[in-house]
Every structure is written in C-alpha cells, then in structure tokens.
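Q: Just dropping this structure here.
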Amino acid sequence: MRKSVWVLGVAFLVVLGFGSSAWSATPQWSWRMQVIHSTAHSNFAQTMQTAQDISKATNGRLEIKVSPNGTFSSSLEGFQACGDGVFEMHISWPVYAKGIEYAFLPLSNMGLGLDFIDKYVWMYEYGGWELMQKAFDKLNLKLLALEIWSPDVLMSNRPFKSIAEMKGRKMRTSDPRLLAKNNIAGITLPLEEVFTGFQTGSVDMAEFGDLRYNQGLGLTDIAKYGIYPDFWNTHFVTTVVVNKAAWNKLPADVQAIVEMGFKSREIQHWTKNNYLSAVAMRDLTEKKKMTFIRMDKDSFIELRKQMYQIEQEDSKKYGGLTAETYKSLYKFMEVWYPYKQMSGWWGNSLTAEQWLGFKPGTHK
C-alpha cells in the first residue's frame, strides 16, 4: 500500500525546512516540462510554484522549466514525446495515449463512474496506482502524481435536461461510447480545437473541463448554458509523469523531493479548481451571462447499466490491462459503494438552502 498524500506532503515540508544550506549556483539537472494547460489557467501557476519549491528543496540542484501546451509537442502526442526524451516531464490526460494502451481510458476516464474520493481510494488503496504505472511502462514513463478533476460542465446553447433531448446532436467529448448508444454523435476534438469547434457549430455542445477551466478556454463567452452533472467522464484524471531515463539519473534524495513535491499539491489542485469554479458560477449567474441547469438523475440508472455493457464489451475486445483494470474497479466498487452510501454526508438529498440552515444572501 502506498504512503498517503498527507504523509508525503508533511515530509516535503520537512525537506524544505531542514535541507542543506549549500546552494548550487548552476543546476546539476535541468528538465523541461510541458503541461497540458495554458498560462491562463491556475493549474499552470500551481505547477510553476511546485517547480520553484523543488528547486529550493534541492538547493538549486534540480531546475524544472515549465512550459504550456504545444511548446514541444501537440496535446495528443505529449506522453509519447516525453517518453522519447523530447522533454523530461509532462502533465496531461492519459486518455490521450489510449491508442498505445487502451487501459488508459478506464484508468482515467469512466462514464457514470467513480467520484473524486472514490478514485483516490481506488488508486491508493486498491491497486489503481500500480495498474496506471503498468500502462505508463509502455511509454517509458514513471508516474509521480495524480490530479483528479472537479466536475466537468457541458457547454451548450440549448438547455438539455436529459440525454434523450440530445438525440441527433453532436457533442465534443473525450469518451463517445455511451453517446453512440443513445444516437448522439461523440466527436473527440483535442484541446486546441474545442473553442473553434463549438463557436463554428461543428459541435452543438462541448465538455472539456470544470467551469473555471472552460472559462480560461473562452467557452463561457460563447455558451448560454452550463449543464450538470458530469456523466460522460466523471472526475477524470491528469497525471504527472517523468521520462524514466531522466528519472534514473537523479540520486534518491532528489527523487524523493520531486515525488513529494508534486504529491503534496494533489489535493490543492482539487480545492482550487472547485472553488474557482464556484466563484465563476456565481459571477456568470449574477451578470446573467449563463444559466446553469442540472439533468434528471433518474435517467442515469439505465445509462449506468448501458455503460456497464460497454465496459464488458471493451474488456472482451481489448483484454489484457483493460480487462484487469475493469475487474479491479468492479471488485473495489462492490466493497466501497455500500459503505459510501451508509456513511455518506449528512446533507445528501437535501437542497442547497437546507444545507445552509439560514436564508441565502444574508452574508455579504
């Protein structure tokens, strides 16, 4: 069982506070890192801060130069390029590499699947991490950290309230499997083409990230509606990886600092994206720039059964690590979900107003 994120974060702070005072004027190792984000996203700034902390903790021995998406390779080729040594580190969505190992799809993207907490428990306590590393072994990459995302929002100019209303429409998504079963055309546009595809009408609706992330892509400027909940690729995962050859050149103490550095901000990635999305929703609502709606949850009961059938078909078709991943997920869910239901938060099924316990708008 892997050490918890909390323990690693505390250990990283200890390293920062008690490292040697001998500062290296010239870095012994200088790494290039391409992230999927643009400089307009908070995720980029957070990665920059982690790189700076690692430089301090190693007393200047390791320099990590962070660059935005497209600097060295396209978004769809980032993992391959990193594994080939074009650059040393990468953060992106593993699903982009499913052409090399199809298991990256269930490892990082699961329609009507696990939420944030579920995924972290599966990854760290039930073997998900080891399965993800098996997949990255095929790309010559070492897995360092996970970034599990806050809920996606569907950007649309029509107020769809059920998947049945989407029939015959075109939707930008990273996972078109469930859409196809419901007569919706799923189109997988890379990040670079999402804004243009939605603006020009190549797609009728587009999902890409949480609300704040989509705001950074400009999607909130051209959409009338934000639709929840995320059923298409629930709480998807980006990963922090490093080229194995570059990694093996580092001494053990520097390796520990790098790994602890990125792990220590896994939870902040979640908290920051969620809170900024909440602020964005408030502002967009108050300015009447967008309307937010939530789809009928009753339809998800049948859709989850359809998704299970799709997963079984994929397990049979691809076998290997894909089948192993789904088997692990199902066995974990059978243990986890009854407990999750019984121990769930006291406010489950109540309204936002009932959660508050006071009249909304009284605290300015």
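Convention: chains lettered A, B, ... in structure tokens order; per-chain residue numbering from 1; ligands numbered from 1 as shown.
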If you run DSSP on the backbone here, which positions in range 51-282 of chain A get helix (DSSP H, G or I)? Please write them as a VMD selection string.
A: chain A and resid 51 to 57 75 to 83 94 to 97 104 to 108 116 to 125 128 to 137 163 to 166 177 to 181 191 to 200 211 to 216 219 to 221 244 to 248 252 to 263 266 to 282
Q: Range 267-283 of chain A: which residues within 7 Å, counting only C-alpha atoms, same-chain residues fewer than 4 positions away excluded, as a ChimeraX atom specification?
A: /A:147-150,210-212,287
Q: For the residues in the current selection, export all heavy atoms as a compact mmCIF listing (two decimals), in the first residue's frame.
A:
```txt
# COMPACT_ATOMS: atom_id res chain seq x y z
N GLU A 147 -3.80 14.10 -10.58
CA GLU A 147 -4.61 15.29 -10.40
C GLU A 147 -6.04 14.91 -10.81
O GLU A 147 -6.35 14.79 -11.99
CB GLU A 147 -4.11 16.45 -11.26
CG GLU A 147 -2.73 16.95 -10.86
CD GLU A 147 -2.24 18.05 -11.76
OE1 GLU A 147 -2.80 18.25 -12.85
OE2 GLU A 147 -1.26 18.73 -11.36
N ILE A 148 -6.88 14.65 -9.81
CA ILE A 148 -8.26 14.27 -10.09
C ILE A 148 -9.10 15.54 -10.15
O ILE A 148 -9.04 16.38 -9.24
CB ILE A 148 -8.80 13.29 -9.04
CG1 ILE A 148 -7.94 12.00 -9.05
CG2 ILE A 148 -10.26 12.95 -9.30
CD1 ILE A 148 -8.33 10.96 -8.03
N TRP A 149 -9.87 15.67 -11.19
CA TRP A 149 -10.52 16.94 -11.50
C TRP A 149 -11.89 17.09 -10.88
O TRP A 149 -12.61 16.12 -10.65
CB TRP A 149 -10.62 17.09 -13.02
CG TRP A 149 -9.30 17.48 -13.60
CD1 TRP A 149 -8.17 16.70 -13.65
CD2 TRP A 149 -8.96 18.72 -14.19
NE1 TRP A 149 -7.14 17.40 -14.24
CE2 TRP A 149 -7.60 18.65 -14.58
CE3 TRP A 149 -9.68 19.90 -14.45
CZ2 TRP A 149 -6.94 19.71 -15.20
CZ3 TRP A 149 -9.01 20.95 -15.07
CH2 TRP A 149 -7.66 20.85 -15.42
N SER A 150 -12.22 18.36 -10.65
CA SER A 150 -13.56 18.70 -10.22
C SER A 150 -14.54 18.46 -11.36
O SER A 150 -14.12 18.21 -12.49
CB SER A 150 -13.60 20.16 -9.77
OG SER A 150 -12.98 21.00 -10.72
N ASP A 210 -13.66 21.62 -15.90
CA ASP A 210 -14.56 22.26 -14.96
C ASP A 210 -14.86 23.69 -15.44
O ASP A 210 -14.28 24.18 -16.41
CB ASP A 210 -13.97 22.24 -13.55
CG ASP A 210 -12.60 22.90 -13.47
OD1 ASP A 210 -12.46 24.07 -13.89
OD2 ASP A 210 -11.65 22.25 -12.99
N LEU A 211 -15.76 24.37 -14.74
CA LEU A 211 -16.25 25.66 -15.21
C LEU A 211 -15.14 26.69 -15.31
O LEU A 211 -15.05 27.44 -16.30
CB LEU A 211 -17.35 26.17 -14.27
CG LEU A 211 -18.04 27.46 -14.70
CD1 LEU A 211 -18.70 27.32 -16.06
CD2 LEU A 211 -19.07 27.88 -13.64
N ARG A 212 -14.28 26.75 -14.32
CA ARG A 212 -13.18 27.74 -14.37
C ARG A 212 -12.22 27.43 -15.51
O ARG A 212 -11.72 28.34 -16.18
CB ARG A 212 -12.42 27.76 -13.03
CG ARG A 212 -11.26 28.75 -13.03
CD ARG A 212 -11.75 30.18 -13.20
NE ARG A 212 -10.63 31.12 -13.35
CZ ARG A 212 -10.09 31.48 -14.51
NH1 ARG A 212 -10.57 30.98 -15.65
NH2 ARG A 212 -9.09 32.33 -14.54
N LYS A 287 -24.25 38.16 -13.51
CA LYS A 287 -24.17 39.01 -14.69
C LYS A 287 -25.10 38.54 -15.81
O LYS A 287 -25.13 39.14 -16.88
CB LYS A 287 -22.72 39.02 -15.19
CG LYS A 287 -21.75 39.69 -14.22
CD LYS A 287 -20.30 39.56 -14.70
CE LYS A 287 -19.34 40.18 -13.69
NZ LYS A 287 -17.92 40.01 -14.11
```
Q: Find the distance between CA of Ile310 in chain A and CA of Ser174 in chain A and write it in Å to one decimal.
A: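 Pair CA of Ile310 in chain A / CA of Ser174 in chain A returns 15.3 Å.
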Q: Mind running range 188-247 of chain A against range 23-40 of chain A at 10 Å and telling me each contacting residue's nearest atom pair with the distance in Å (one decimal), counting only C-alpha atoms, chain and number ascending, as JSON lines?
A:
```
{"residue": "A:Leu191", "atom": "CA", "partner": "A:Ile36", "partner_atom": "CA", "distance": 8.5}
{"residue": "A:Tyr213", "atom": "CA", "partner": "A:Ala40", "partner_atom": "CA", "distance": 9.0}
{"residue": "A:Gln215", "atom": "CA", "partner": "A:Ala40", "partner_atom": "CA", "distance": 9.6}
{"residue": "A:Gly216", "atom": "CA", "partner": "A:Ala40", "partner_atom": "CA", "distance": 6.0}
{"residue": "A:Leu217", "atom": "CA", "partner": "A:Ala40", "partner_atom": "CA", "distance": 8.4}
{"residue": "A:Thr238", "atom": "CA", "partner": "A:Ile36", "partner_atom": "CA", "distance": 9.0}
{"residue": "A:Thr239", "atom": "CA", "partner": "A:Val35", "partner_atom": "CA", "distance": 9.9}
{"residue": "A:Val240", "atom": "CA", "partner": "A:Val35", "partner_atom": "CA", "distance": 8.9}
{"residue": "A:Val241", "atom": "CA", "partner": "A:Met33", "partner_atom": "CA", "distance": 9.6}
{"residue": "A:Val242", "atom": "CA", "partner": "A:Met33", "partner_atom": "CA", "distance": 8.8}
{"residue": "A:Ala246", "atom": "CA", "partner": "A:Trp31", "partner_atom": "CA", "distance": 8.4}
```
Q: Which of these, A:Gln199, A:Glu311, A:Lys340, A:Met333, has the shortest distance to Trp122 in chain A once you count only C-alpha atoms?
A: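 Among A:Gln199, A:Glu311, A:Lys340, A:Met333, it is A:Met333 that comes nearest to Trp122 in chain A.
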Q: Could you tell me which of A:Lys142, A:Arg265, A:Lys288, A:Lys331 comes closest to Ala51 in chain A if we count only C-alpha atoms?
A: A:Arg265
Q: List the spatial neighbours of Phe332 in chain A as a list of chain:residue names - criterion: any atom at most 10 Å away, only C-alpha atoms, same-chain residues fewer than 2 positions off excluded.
A: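 Close residues of Phe332 in chain A: A:Asp118, A:Val121, A:Trp122, A:Glu125, A:Tyr126, A:Gly127, A:Gly128, A:Tyr326, A:Lys327, A:Ser328, A:Leu329, A:Tyr330, A:Glu334, A:Val335, A:Trp336, A:Tyr337.
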Q: When you look at Lys297 in chain A with a cut-off of 12 Å (counting only C-alpha atoms), what residues show up, excluding the ones that are within fewer than 4 positions of it in the same chain? I need them as a PyMOL selection string.
A: chain A and resi 112+161-163+228-231+301-304+349
Q: With a distance cut-off of 12 Å and only C-alpha atoms, select the neighbouring residues of Ala22 in chain A, excluding the residue or stretch itself and same-chain residues fewer than 4 positions from it, and output the selection as a list in words.
A: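 Counting only C-alpha atoms, the residues come to Phe18, Thr26, Lys56, Ala57, Thr58, Asn59, Gly60 and Arg61 of chain A.
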Q: Selection from above, N, CA and C atoms, as a CSV table (one decimal), in the first residue's frame, can you write it?
A:
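So selection_1.csv came out as:
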```csv
chain,number,residue,atom,x,y,z
A,18,PHE,N,14.5,21.7,6.4
A,18,PHE,CA,15.7,21.2,7.0
A,18,PHE,C,16.8,20.8,6.0
A,26,THR,N,24.8,26.5,-10.2
A,26,THR,CA,24.4,26.0,-11.5
A,26,THR,C,23.7,24.7,-11.3
A,56,LYS,N,14.1,25.0,-4.5
A,56,LYS,CA,14.6,25.3,-3.2
A,56,LYS,C,14.9,24.1,-2.3
A,57,ALA,N,14.1,23.1,-2.4
A,57,ALA,CA,14.3,21.9,-1.6
A,57,ALA,C,15.6,21.2,-2.0
A,58,THR,N,16.0,21.2,-3.2
A,58,THR,CA,17.2,20.6,-3.7
A,58,THR,C,18.4,21.5,-3.7
A,59,ASN,N,18.2,22.7,-3.1
A,59,ASN,CA,19.3,23.7,-3.0
A,59,ASN,C,19.8,24.1,-4.4
A,60,GLY,N,18.9,24.2,-5.4
A,60,GLY,CA,19.3,24.6,-6.7
A,60,GLY,C,19.8,23.5,-7.6
A,61,ARG,N,19.9,22.2,-7.1
A,61,ARG,CA,20.5,21.2,-7.9
A,61,ARG,C,19.6,20.8,-9.1
```
Q: Select, from A:Gln52, A:Thr196, A:Asn183, A:Thr291, the residue with the minimum atom-to-atom distance to Leu154 in chain A, counting only C-alpha atoms.
A: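 Result for the nearest residue to Leu154 in chain A: A:Thr291.
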Q: I want to know what sits within 12 Å of Leu139 in chain A, based on only C-alpha atoms, with residues of the same chain fewer than 6 positions away left out; could you give that as a tab-separated table (two decimals) with C-alpha atoms, in the first residue's frame?
A:
```
chain	number	residue	atom	x	y	z
A	77	GLU	CA	1.45	13.38	-28.68
A	78	GLY	CA	2.71	14.69	-25.34
A	79	PHE	CA	3.15	11.39	-23.50
A	80	GLN	CA	4.94	9.76	-26.42
A	81	ALA	CA	7.25	12.75	-26.81
A	82	CYS	CA	8.10	12.74	-23.11
A	83	GLY	CA	8.79	9.00	-23.17
A	84	ASP	CA	11.06	9.53	-26.18
A	85	GLY	CA	13.04	12.20	-24.32
A	94	PRO	CA	-3.69	9.78	-20.01
A	97	ALA	CA	-2.50	7.80	-25.06
A	98	LYS	CA	-5.24	5.17	-25.34
A	99	GLY	CA	-4.05	4.36	-28.87
A	100	ILE	CA	-0.93	2.86	-27.30
A	101	GLU	CA	-2.65	1.27	-24.28
A	104	PHE	CA	-5.68	4.46	-20.13
A	132	MET	CA	-1.63	3.04	-14.09
A	133	GLN	CA	2.12	2.50	-13.81
A	241	VAL	CA	4.96	11.74	-15.28
A	242	VAL	CA	8.70	11.78	-15.91
A	243	ASN	CA	10.90	10.14	-18.52
A	244	LYS	CA	12.42	7.05	-16.87
A	245	ALA	CA	15.94	7.66	-18.21
```
